[in-house]
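What follows is the content of protein-v3.txt, which has compact mmCIF, C-alpha atoms and all ligand atoms:
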# COMPACT_ATOMS: atom_id res chain seq x y z
CA MET A 1 64.33 93.21 63.91
CA SER A 2 64.70 96.90 63.19
CA GLN A 3 64.16 99.39 65.96
CA PHE A 4 61.30 100.93 63.98
CA VAL A 5 59.43 97.62 63.94
CA THR A 6 60.06 96.98 67.65
CA GLN A 7 58.85 100.47 68.54
CA ILE A 8 55.61 99.97 66.61
CA VAL A 9 54.93 96.52 68.05
CA ASP A 10 55.53 97.80 71.59
CA ALA A 11 53.28 100.82 71.07
CA ILE A 12 50.42 98.72 69.65
CA ARG A 13 50.76 96.30 72.54
CA THR A 14 50.25 99.06 75.13
CA VAL A 15 46.69 99.40 73.79
CA SER A 16 45.85 95.93 72.47
CA GLY A 17 47.64 93.76 74.97
CA THR A 18 48.34 90.27 73.63
CA GLY A 19 46.10 87.31 72.91
CA CYS A 20 43.60 89.40 70.96
CA ALA A 21 42.00 88.78 67.58
CA LEU A 22 41.51 91.60 65.09
CA HIS A 23 37.91 92.09 66.11
CA GLU A 24 35.82 90.18 68.62
CA PRO A 25 32.10 90.77 69.19
CA GLN A 26 30.76 91.98 72.55
CA LEU A 27 27.68 89.90 73.28
CA SER A 28 26.40 91.36 76.51
CA GLY A 29 23.34 93.45 77.39
CA ASN A 30 20.05 91.77 76.47
CA ALA A 31 21.59 89.35 73.95
CA SER A 32 20.72 86.12 75.73
CA THR A 33 17.33 87.41 76.98
CA TYR A 34 16.13 88.21 73.46
CA VAL A 35 17.60 85.09 71.81
CA VAL A 36 16.10 82.82 74.49
CA ASP A 37 12.78 84.61 73.98
CA CYS A 38 12.81 83.46 70.31
CA ILE A 39 13.47 79.89 71.40
CA ASP A 40 10.80 79.96 74.13
CA THR A 41 8.15 81.35 71.79
CA GLY A 42 9.19 79.25 68.79
CA TRP A 43 9.68 82.32 66.57
CA VAL A 44 13.17 81.46 65.36
CA SER A 45 12.90 81.68 61.61
CA SER A 46 11.90 84.01 58.81
CA VAL A 47 9.02 85.81 60.52
CA GLY A 48 8.85 87.34 63.96
CA SER A 49 8.60 90.56 65.88
CA TYR A 50 12.37 91.03 66.28
CA VAL A 51 12.79 91.28 62.51
CA ASP A 52 10.23 94.11 62.31
CA ARG A 53 11.73 95.86 65.31
CA PHE A 54 15.28 95.46 63.97
CA GLU A 55 14.27 96.89 60.58
CA GLN A 56 12.65 99.92 62.19
CA GLU A 57 15.59 100.57 64.48
CA VAL A 58 18.16 100.25 61.71
CA ALA A 59 16.19 102.71 59.57
CA ALA A 60 15.91 105.10 62.55
CA ILE A 61 19.68 105.04 63.08
CA ALA A 62 20.39 105.45 59.36
CA GLY A 63 17.89 108.31 59.19
CA THR A 64 16.03 106.65 56.33
CA ARG A 65 12.32 105.94 56.03
CA PHE A 66 12.78 102.22 55.41
CA GLY A 67 15.03 99.34 56.41
CA ILE A 68 14.93 95.78 55.08
CA ALA A 69 16.85 93.09 56.98
CA THR A 70 18.71 90.42 55.00
CA VAL A 71 20.77 87.25 55.65
CA ASN A 72 24.05 89.09 55.12
CA GLY A 73 25.54 92.24 53.67
CA THR A 74 26.53 90.62 50.39
CA ALA A 75 22.93 89.55 49.77
CA ALA A 76 21.77 93.09 50.58
CA LEU A 77 24.28 94.51 48.07
CA HIS A 78 23.23 92.01 45.41
CA ALA A 79 19.55 92.86 45.86
CA ALA A 80 20.28 96.62 45.94
CA LEU A 81 22.21 96.46 42.67
CA LEU A 82 19.38 94.57 40.98
CA LEU A 83 16.91 97.13 42.34
CA VAL A 84 18.71 100.06 40.71
CA GLY A 85 18.57 98.16 37.42
CA VAL A 86 21.94 96.45 37.13
CA THR A 87 21.59 93.57 34.66
CA ALA A 88 23.79 91.00 32.96
CA GLY A 89 26.54 92.56 30.88
CA ASP A 90 26.51 95.92 32.71
CA GLU A 91 29.51 97.56 34.37
CA VAL A 92 29.43 98.86 37.95
CA ILE A 93 32.11 101.19 39.33
CA VAL A 94 33.57 100.15 42.71
CA PRO A 95 36.70 101.11 44.69
CA ALA A 96 39.68 98.78 44.18
CA MET A 97 40.34 98.79 47.94
CA SER A 98 37.38 97.00 49.48
CA PHE A 99 36.30 93.68 50.88
CA VAL A 100 35.70 91.18 48.07
CA ALA A 101 31.92 91.25 48.70
CA THR A 102 31.65 94.63 46.95
CA ALA A 103 32.87 93.13 43.67
CA ASN A 104 31.21 89.75 44.22
CA ALA A 105 27.79 91.40 44.54
CA VAL A 106 28.34 92.97 41.11
CA ARG A 107 29.37 89.62 39.65
CA ASN A 108 26.31 88.02 41.28
CA CYS A 109 24.26 90.25 38.92
CA HIS A 110 26.33 88.85 36.01
CA ALA A 111 27.79 92.33 35.65
CA THR A 112 31.43 93.46 35.65
CA PRO A 113 33.09 95.52 38.38
CA ALA A 114 35.24 98.42 37.18
CA PHE A 115 37.84 99.54 39.70
CA VAL A 116 38.70 103.12 40.59
CA ASP A 117 41.22 104.47 43.07
CA ILE A 118 40.71 105.50 46.68
CA ASN A 119 41.53 108.83 48.27
CA ALA A 120 44.48 108.76 50.70
CA ALA A 121 42.68 110.93 53.28
CA THR A 122 39.34 109.08 53.44
CA LEU A 123 40.40 105.63 52.12
CA GLY A 124 37.08 105.68 50.23
CA MET A 125 36.37 106.07 46.52
CA CYS A 126 38.22 109.14 45.26
CA PRO A 127 35.96 111.68 43.50
CA ASP A 128 38.82 112.78 41.23
CA ALA A 129 39.52 109.16 40.28
CA LEU A 130 35.84 108.57 39.56
CA GLU A 131 35.66 111.71 37.44
CA ALA A 132 38.82 110.75 35.54
CA TYR A 133 37.52 107.23 34.91
CA LEU A 134 34.19 108.50 33.59
CA GLN A 135 35.84 111.16 31.43
CA GLU A 136 38.10 108.57 29.89
CA HIS A 137 35.64 105.70 29.52
CA ALA A 138 32.06 106.94 29.57
CA HIS A 139 30.35 107.70 26.31
CA LYS A 140 26.74 108.78 25.97
CA ASP A 141 24.81 106.60 23.54
CA GLY A 142 21.24 107.91 23.52
CA ASP A 143 20.12 107.62 27.14
CA ARG A 144 22.66 104.88 27.84
CA LEU A 145 26.08 105.54 29.32
CA VAL A 146 28.53 103.14 27.72
CA ASN A 147 32.17 102.23 28.36
CA ARG A 148 33.68 103.17 25.02
CA LEU A 149 36.36 100.48 25.26
CA THR A 150 34.14 97.50 26.14
CA GLY A 151 30.74 98.64 24.86
CA GLN A 152 29.20 97.68 28.21
CA ARG A 153 26.59 99.92 29.80
CA ILE A 154 27.85 101.69 32.95
CA ALA A 155 24.96 101.13 35.35
CA ALA A 156 25.84 102.24 38.90
CA ILE A 157 28.48 103.48 41.34
CA VAL A 158 29.23 101.79 44.69
CA PRO A 159 31.23 103.94 47.11
CA MET A 160 32.35 102.21 50.31
CA HIS A 161 33.16 103.76 53.70
CA THR A 162 36.42 102.03 54.52
CA PHE A 163 36.84 100.92 58.15
CA GLY A 164 33.93 103.21 59.04
CA HIS A 165 35.50 106.44 57.75
CA PRO A 166 32.94 108.34 55.66
CA CYS A 167 34.01 109.08 52.11
CA ASP A 168 33.33 112.34 50.33
CA MET A 169 29.67 111.68 49.51
CA GLU A 170 28.90 115.27 48.47
CA ARG A 171 31.31 115.18 45.57
CA LEU A 172 30.61 111.57 44.67
CA CYS A 173 26.86 112.31 44.54
CA GLU A 174 27.45 115.42 42.46
CA ILE A 175 29.44 113.42 39.88
CA ALA A 176 26.90 110.57 39.88
CA ASP A 177 24.06 113.06 39.29
CA ARG A 178 25.90 114.69 36.43
CA TYR A 179 26.23 111.31 34.70
CA SER A 180 22.72 110.21 35.80
CA LEU A 181 24.19 107.17 37.55
CA PRO A 182 22.52 105.70 40.64
CA ILE A 183 24.60 105.22 43.78
CA VAL A 184 24.34 102.11 45.91
CA GLU A 185 26.29 102.87 49.07
CA ASP A 186 28.29 100.06 50.61
CA ALA A 187 27.95 101.20 54.23
CA ALA A 188 28.66 97.66 55.44
CA GLU A 189 31.32 98.90 57.88
CA SER A 190 29.95 102.29 58.80
CA LEU A 191 26.93 101.96 61.10
CA GLY A 192 27.17 105.06 63.31
CA SER A 193 29.30 107.08 60.84
CA TYR A 194 28.09 110.43 59.53
CA CYS A 195 28.92 112.78 56.73
CA HIS A 196 27.67 116.32 57.57
CA ASP A 197 25.02 115.07 59.99
CA ARG A 198 23.71 112.52 57.52
CA HIS A 199 24.26 108.86 58.23
CA THR A 200 26.39 106.93 55.74
CA GLY A 201 24.20 104.73 53.58
CA SER A 202 21.48 107.38 53.34
CA PHE A 203 23.03 109.28 50.41
CA GLY A 204 22.61 106.62 47.74
CA ARG A 205 19.32 105.49 46.20
CA LEU A 206 19.90 102.48 48.44
CA GLY A 207 22.46 101.86 51.17
CA VAL A 208 23.68 98.57 52.55
CA ILE A 209 24.84 97.68 56.06
CA SER A 210 26.44 94.44 57.28
CA PHE A 211 25.94 92.77 60.65
CA ASN A 212 28.55 90.06 60.24
CA GLY A 213 30.33 88.87 63.39
CA ASN A 214 33.23 91.28 62.93
CA LYS A 215 31.21 94.46 62.34
CA ILE A 216 30.48 97.11 65.01
CA VAL A 217 27.03 95.58 65.58
CA THR A 218 26.45 91.91 64.81
CA THR A 219 23.49 89.60 64.30
CA GLY A 220 25.80 86.60 63.87
CA GLY A 221 25.35 87.00 60.14
CA GLY A 222 23.11 89.62 58.64
CA GLY A 223 22.65 92.73 56.58
CA ALA A 224 20.17 95.46 55.76
CA ILE A 225 19.11 97.68 52.90
CA VAL A 226 18.16 101.25 53.84
CA THR A 227 16.36 103.76 51.63
CA ASP A 228 13.98 106.71 51.59
CA ASP A 229 12.28 105.47 48.43
CA GLU A 230 9.00 103.78 49.33
CA ALA A 231 8.58 101.95 46.02
CA LEU A 232 12.16 100.64 46.11
CA ALA A 233 11.73 99.58 49.74
CA ALA A 234 8.64 97.55 48.82
CA LYS A 235 10.52 95.97 45.92
CA ALA A 236 13.49 95.24 48.19
CA LYS A 237 11.24 93.40 50.61
CA HIS A 238 9.62 91.47 47.78
CA LEU A 239 12.89 90.53 46.09
CA THR A 240 14.45 89.32 49.36
CA THR A 241 11.40 87.26 50.42
CA THR A 242 11.07 84.92 47.41
CA GLY A 243 8.79 87.30 45.48
CA LYS A 244 5.80 85.87 47.31
CA ILE A 245 2.46 87.57 46.78
CA ARG A 246 0.76 88.30 50.11
CA HIS A 247 -2.11 85.90 50.56
CA PRO A 248 -3.35 83.88 53.56
CA TRP A 249 -3.22 80.47 51.85
CA PHE A 250 -2.04 80.67 48.24
CA PHE A 251 1.65 80.28 47.57
CA GLU A 252 2.26 82.34 44.50
CA HIS A 253 5.41 84.15 43.43
CA ASP A 254 5.51 86.76 40.67
CA CYS A 255 9.23 87.04 39.91
CA HIS A 256 12.53 85.19 40.17
CA ALA A 257 13.57 86.27 43.63
CA PHE A 258 15.71 85.29 46.61
CA ASN A 259 15.39 83.90 50.09
CA TYR A 260 17.54 86.64 51.58
CA ARG A 261 15.45 87.31 54.69
CA MET A 262 17.08 87.61 58.11
CA PRO A 263 15.85 84.98 60.62
CA ASN A 264 14.18 86.23 63.80
CA LEU A 265 16.93 84.63 65.96
CA ASN A 266 19.52 86.83 64.32
CA ALA A 267 17.31 89.90 64.53
CA ALA A 268 16.85 89.29 68.27
CA LEU A 269 20.61 89.39 68.77
CA GLY A 270 20.69 92.49 66.57
CA CYS A 271 18.09 94.30 68.71
CA SER A 272 20.23 93.79 71.79
CA GLN A 273 23.35 94.93 69.92
CA LEU A 274 21.65 98.12 68.68
CA GLU A 275 20.83 99.01 72.29
CA GLN A 276 24.59 98.96 72.90
CA LEU A 277 25.59 100.94 69.80
CA PRO A 278 26.07 104.28 71.64
CA GLU A 279 28.35 102.53 74.12
CA PHE A 280 30.26 100.73 71.31
CA LEU A 281 30.75 104.02 69.45
CA ALA A 282 32.15 105.71 72.56
CA THR A 283 34.50 102.79 73.20
CA LYS A 284 35.68 102.69 69.57
CA ARG A 285 36.53 106.37 69.76
CA LYS A 286 38.57 105.80 72.94
CA ILE A 287 40.47 102.89 71.38
CA ALA A 288 41.24 104.92 68.25
CA HIS A 289 42.45 107.81 70.40
CA ALA A 290 44.58 105.51 72.57
CA TYR A 291 46.34 104.09 69.48
CA ARG A 292 47.02 107.59 68.20
CA GLU A 293 48.54 108.58 71.54
CA ALA A 294 50.58 105.40 71.83
CA LEU A 295 52.08 105.79 68.35
CA SER A 296 52.35 109.57 68.31
CA GLY A 297 56.06 109.60 69.09
CA ILE A 298 56.99 107.34 66.18
CA GLN A 299 58.01 109.08 62.94
CA GLY A 300 56.68 107.54 59.74
CA VAL A 301 53.30 106.28 60.94
CA ARG A 302 49.96 107.91 60.29
CA PHE A 303 46.27 107.29 60.93
CA VAL A 304 43.19 108.40 59.03
CA GLU A 305 42.05 111.74 60.44
CA GLU A 306 38.37 112.34 61.00
CA ARG A 307 37.29 114.92 58.44
CA GLN A 308 35.71 118.17 59.55
CA SER A 309 31.95 117.84 60.03
CA CYS A 310 32.13 114.07 59.53
CA ARG A 311 31.99 111.45 62.23
CA SER A 312 33.67 108.06 61.97
CA ASN A 313 32.51 105.02 63.93
CA TYR A 314 36.20 104.00 64.14
CA TRP A 315 35.18 100.41 63.47
CA LEU A 316 38.62 99.13 62.50
CA ASN A 317 41.93 100.85 63.15
CA ALA A 318 44.71 100.89 60.59
CA ILE A 319 48.22 102.27 60.76
CA CYS A 320 49.73 103.56 57.57
CA LEU A 321 53.52 103.69 57.09
CA SER A 322 54.96 106.67 55.24
CA ASP A 323 57.26 104.38 53.28
CA ALA A 324 55.20 102.04 51.15
CA ASP A 325 57.58 99.13 51.65
CA GLU A 326 55.96 95.71 51.84
CA SER A 327 58.96 94.22 53.66
CA VAL A 328 58.49 96.62 56.61
CA ARG A 329 54.75 95.97 56.61
CA ASP A 330 55.37 92.22 56.62
CA ALA A 331 57.97 92.48 59.42
CA ILE A 332 55.37 94.24 61.59
CA LEU A 333 52.70 91.68 60.67
CA ASN A 334 55.07 88.86 61.59
CA ALA A 335 56.28 90.42 64.83
CA THR A 336 52.78 91.29 66.08
CA ASN A 337 51.20 87.93 65.23
CA ALA A 338 54.20 86.14 66.79
CA VAL A 339 53.32 87.70 70.16
CA GLY A 340 49.57 87.13 69.84
CA ILE A 341 48.45 90.51 68.51
CA GLY A 342 45.95 89.79 65.74
CA THR A 343 47.01 92.23 63.01
CA ARG A 344 46.52 91.71 59.30
CA ALA A 345 47.25 93.32 55.97
CA CYS A 346 44.46 95.31 54.35
CA TRP A 347 42.50 93.65 51.54
CA THR A 348 44.48 92.68 48.49
CA PRO A 349 43.34 95.17 45.84
CA LEU A 350 40.33 93.62 44.09
CA ASN A 351 41.80 94.12 40.63
CA ARG A 352 44.63 91.71 41.54
CA LEU A 353 42.34 88.82 42.46
CA PRO A 354 42.32 86.10 39.79
CA MET A 355 38.62 86.42 38.94
CA TYR A 356 38.78 90.22 38.58
CA GLN A 357 42.16 90.68 36.88
CA ASP A 358 40.66 91.40 33.48
CA CYS A 359 38.10 93.95 34.65
CA PRO A 360 38.27 97.60 33.55
CA LYS A 361 40.15 99.93 35.88
CA GLY A 362 41.47 103.43 36.31
CA ASP A 363 44.82 104.50 37.75
CA LEU A 364 45.16 102.71 41.11
CA SER A 365 48.35 104.18 42.54
CA VAL A 366 46.84 105.26 45.89
CA THR A 367 45.30 101.81 46.35
CA ASP A 368 48.65 100.14 45.59
CA ARG A 369 50.53 102.40 47.94
CA PHE A 370 47.99 101.94 50.71
CA PHE A 371 48.06 98.16 50.38
CA ALA A 372 51.86 98.12 50.62
CA SER A 373 51.95 100.35 53.69
CA ALA A 374 48.87 99.68 55.84
CA ILE A 375 48.15 97.29 58.68
CA ASN A 376 44.86 96.68 60.48
CA ILE A 377 45.30 96.42 64.23
CA PRO A 378 43.06 94.88 66.92
CA SER A 379 39.94 97.01 67.40
CA GLY A 380 37.25 95.04 69.25
CA CYS A 381 35.44 96.94 72.02
CA GLY A 382 36.65 94.31 74.50
CA LEU A 383 40.13 95.89 74.34
CA TRP A 384 38.95 98.87 76.34
CA GLN A 385 39.17 98.09 80.03
CA GLY A 386 38.94 101.67 81.21
CA SER A 387 35.29 102.27 80.33
C1 LIG A 401 31.39 93.07 55.63
C2 LIG A 401 31.33 93.73 54.32
C3 LIG A 401 30.33 93.43 53.36
C4 LIG A 401 29.23 92.44 53.56
O1 LIG A 401 29.66 91.31 54.16
P1 LIG A 401 28.74 90.14 54.72
O2 LIG A 401 29.77 89.31 55.41
O3 LIG A 401 28.12 89.48 53.54
O4 LIG A 401 27.72 90.68 55.67
C5 LIG A 401 30.32 94.15 52.18
N1 LIG A 401 31.23 95.10 51.93
C6 LIG A 401 32.18 95.42 52.81
C7 LIG A 401 33.12 96.53 52.50
C8 LIG A 401 32.28 94.74 54.03
O5 LIG A 401 33.25 95.06 54.89
Could you express the structure from this file as structure tokens?
Ligand SMILES: *Cc1c(COP(=O)(O)O)cnc(C)c1O
Amino acid sequence: MSQFVTQIVDAIRTVSGTGCALHEPQLSGNASTYVVDCIDTGWVSSVGSYVDRFEQEVAAIAGTRFGIATVNGTAALHAALLLVGVTAGDEVIVPAMSFVATANAVRNCHATPAFVDINAATLGMCPDALEAYLQEHAHKDGDRLVNRLTGQRIAAIVPMHTFGHPCDMERLCEIADRYSLPIVEDAAESLGSYCHDRHTGSFGRLGVISFNGNKIVTTGGGGAIVTDDEALAAKAKHLTTTGKIRHPWFFEHDCHAFNYRMPNLNAALGCSQLEQLPEFLATKRKIAHAYREALSGIQGVRFVEERQSCRSNYWLNAICLSDADESVRDAILNATNAVGIGTRACWTPLNRLPMYQDCPKGDLSVTDRFFASAINIPSGCGLWQGS
């Protein structure tokens, strides 16, 4: 093994120790009290006071007027895309470097994802790449914006805040406005992250948060839609609760809708987790800082830097090697996993996945380089013993 690889493995180990997964949840605080309360009262399913409380608290954290809890983040994204008018045959612009759910939610609307590059500093959708893609592909046809190569209507843009690092929402919003395209923000990973004092997820017409087991706050499985738009919030609730018309005894539904509602049991866990968010954020910051210190003496490794006037939740740490050489990346992945340090490669670029290979795309050189040179390292709050 090269000395470079050994040095990196040793430095990671000083922070992570061994025998750790990439991200483990911290289920302490009032978790069992609230969950047992659901069981004792019988309110375990799709109605209950924890759901209402969770929705209000999520909206309060996001700084939006409304929050709608869902079964998972993918369902929230699917509903949000439908709510901004994405329909079959449309095209939706997403970053090529994201979790597969971002593209799957588009496909769930029978629409096509179009992939644009990320920015090396933020790891989020690159405004220049978005602009270049639109300049090359977008053509105004009456009040429709059409991809001139495929003839498909371009319907929305979905920026994503990678690993909790806020992307450049000011510029992305400015471009979206200029093309009259709605933004649905994939803030699945960025609860507690801010861009100029505004919470991520609150810039788009709708924002989406995930509460999957590996996220900074978990409900077991879960998601939420956040928005300031009262009419859209009402529609979001309706669309995610089977389109049922409110009535004491008649069961009537006025649209094809989904059972995407979060159960009360999950919301109860979520309420306890939200109480711990400030503590989790402080711990995440310490872990991120400790990794930076531990690896600071090694040439050829970098981390994402928090941008001025933005605040990252530091959900998931990643090291990025200056030489985009997959064999070095793989040697580090092998050596760390061999000693029980749960590292992994970043997501395979979405445009390379078999079901998305034929989708439209812009230049993806930053995505390719990042994939070849980046490694996610253990980041669960349980790593921090000093707090
Ligand atoms: C976690 C995640 C989602 C949603 O995932 P669910 O597991 O369905 O809650 C969506 N996008 C990104 C980028 C994610 O990391």
Using all atoms listed in the file, which residues of chain A come within 6 Å of ligand LIG 401 (chain A), and what is the closest atom pair for each, with the distance in Å to one decimal? Give it as a tab-separated table, sorted by chain and residue number.
residue	atom	partner	partner_atom	distance
A:Asn72	CA	A:LIG401	O4	4.0
A:Gly73	CA	A:LIG401	O4	3.3
A:Thr74	CA	A:LIG401	O3	3.7
A:Ser98	CA	A:LIG401	C7	5.2
A:Phe99	CA	A:LIG401	C7	4.6
A:Ala101	CA	A:LIG401	C5	4.8
A:Thr102	CA	A:LIG401	N1	5.0
A:Asp186	CA	A:LIG401	N1	5.9
A:Ala188	CA	A:LIG401	C8	4.9
A:Glu189	CA	A:LIG401	O5	5.2
A:Ser210	CA	A:LIG401	O4	4.3
A:Phe211	CA	A:LIG401	O4	5.7
A:Asn212	CA	A:LIG401	O4	4.7
A:Gly222	CA	A:LIG401	O4	5.6
A:Gly223	CA	A:LIG401	O4	5.5
Would you kindly return, as a short mmCIF file (atom, residue, chain, number, x, y, z; two decimals) with C-alpha atoms, in the coordinates of the input, each protein, DNA or RNA residue with an atom no farther than 9 Å from any atom of A:Gly243, considering all atoms listed in the file and excluding same-chain residues fewer than 2 positions away?
data_model
loop_
_atom_site.label_atom_id
_atom_site.label_comp_id
_atom_site.auth_asym_id
_atom_site.auth_seq_id
_atom_site.Cartn_x
_atom_site.Cartn_y
_atom_site.Cartn_z
CA LYS A 235 10.52 95.97 45.92
CA LYS A 237 11.24 93.40 50.61
CA HIS A 238 9.62 91.47 47.78
CA LEU A 239 12.89 90.53 46.09
CA THR A 240 14.45 89.32 49.36
CA THR A 241 11.40 87.26 50.42
CA ILE A 245 2.46 87.57 46.78
CA GLU A 252 2.26 82.34 44.50
CA HIS A 253 5.41 84.15 43.43
CA ASP A 254 5.51 86.76 40.67
CA CYS A 255 9.23 87.04 39.91
CA HIS A 256 12.53 85.19 40.17
CA ALA A 257 13.57 86.27 43.63
CA PHE A 258 15.71 85.29 46.61
CA ASN A 259 15.39 83.90 50.09
#
Exercise for the section: Could you tell me which of A:Cys359, A:Cys126, A:Ala75, A:Leu321 comes closest to A:Ala111 if we count all atoms listed in the file? Expected result: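 Of the candidates, the smallest distance to A:Ala111 is held by A:Cys359.
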Handout entry: Given all atoms listed in the file as the counted atoms, nearest of A:Ala80, A:Cys381, A:Cys310, A:Ala224 to A:Glu279
Key =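 The closest residue to A:Glu279 is A:Cys381.
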Practice task
In Å, rounded to a single decimal, give me how far atom CA of A:Arg292 is from atom CA of A:Asn334.
Solution key: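 Atom-to-atom, atom CA of A:Asn334 to atom CA of A:Arg292, that is 21.4 Å.
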Handout entry: Residue nearest A:Gly220 - candidates A:Leu81, A:Val71, A:Val47, A:Leu274, atoms counted: all atoms listed in the file
Key =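 Residue with the minimum atom-to-atom distance to A:Gly220: A:Val71.
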Handout entry: Near-A:Asp143 list (12 Å; only C-alpha atoms; drop same-chain fewer than 6 positions) as a PyMOL selection string
Key = chain A and resi 153-155+179-181
May I have the selected residues written with C-alpha atoms, as an mmCIF file, in the coordinates of the input?
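Written out: part-v5.cif:
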data_model
loop_
_atom_site.group_PDB
_atom_site.id
_atom_site.type_symbol
_atom_site.label_atom_id
_atom_site.label_comp_id
_atom_site.auth_asym_id
_atom_site.auth_seq_id
_atom_site.Cartn_x
_atom_site.Cartn_y
_atom_site.Cartn_z
ATOM 1 C CA ARG A 153 26.590 99.920 29.800
ATOM 2 C CA ILE A 154 27.850 101.690 32.950
ATOM 3 C CA ALA A 155 24.960 101.130 35.350
ATOM 4 C CA TYR A 179 26.230 111.310 34.700
ATOM 5 C CA SER A 180 22.720 110.210 35.800
ATOM 6 C CA LEU A 181 24.190 107.170 37.550
#
Handout entry: Test item: residues at most 12 Å from A:His137, all atoms listed in the file, excluding those fewer than 2 positions along its chain, as number ranges by chain
Key = A: 91, 93, 114, 116, 129-135, 139-140, 145-154, 360-362
Exercise for the section: Can you pull out every residue within 10 Å of stretch 56-59 of chain A, counting only C-alpha atoms, but drop anything in the same chain fewer than 3 positions away, and send it as an NGL selection string? Expected result: :A and (50-53 or 62-69 or 191 or 202 or 209 or 224-228 or 270-271 or 274-275)
Handout entry: Closest of A:Thr367, A:Pro378, A:Asp90, A:Phe280 to A:Leu333 - atom-to-atom distances counting only C-alpha atoms
Key =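 Of the candidates, the smallest distance to A:Leu333 is held by A:Pro378.
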Practice task
To one decimal in Å, tell me the separation between atom CA of A:Arg311 and atom CA of A:Leu269.
Solution key: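 Pair atom CA of A:Arg311 / atom CA of A:Leu269 returns 25.7 Å.
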Practice task
Mind giving me the straight-line distance from atom CA of A:Arg144 to atom CA of A:Ile157 in Å, one decimal?
Solution key: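 Result for atom CA of A:Arg144 versus atom CA of A:Ile157: 14.8 Å, one decimal.
Comparing A:Ala236, A:Leu82, A:Ala282, A:Val366 by their smallest distance to A:Tyr260, the closest is A:Ala236 (using all atoms listed in the file).
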Problem - Nearby residues (all atoms listed in the file) at most 6 Å from stretch 339-355 of chain A, same-chain spacing under 3 positions excluded, as an NGL selection string - result: :A and (18-22 or 96-97 or 336 or 375-378)
Problem - Counting only C-alpha atoms, the option among A:Trp384, A:Pro182, A:Ala374, A:Trp249 closest to A:Ala290 - result: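 Distance minimum relative to A:Ala290 lands on A:Trp384.
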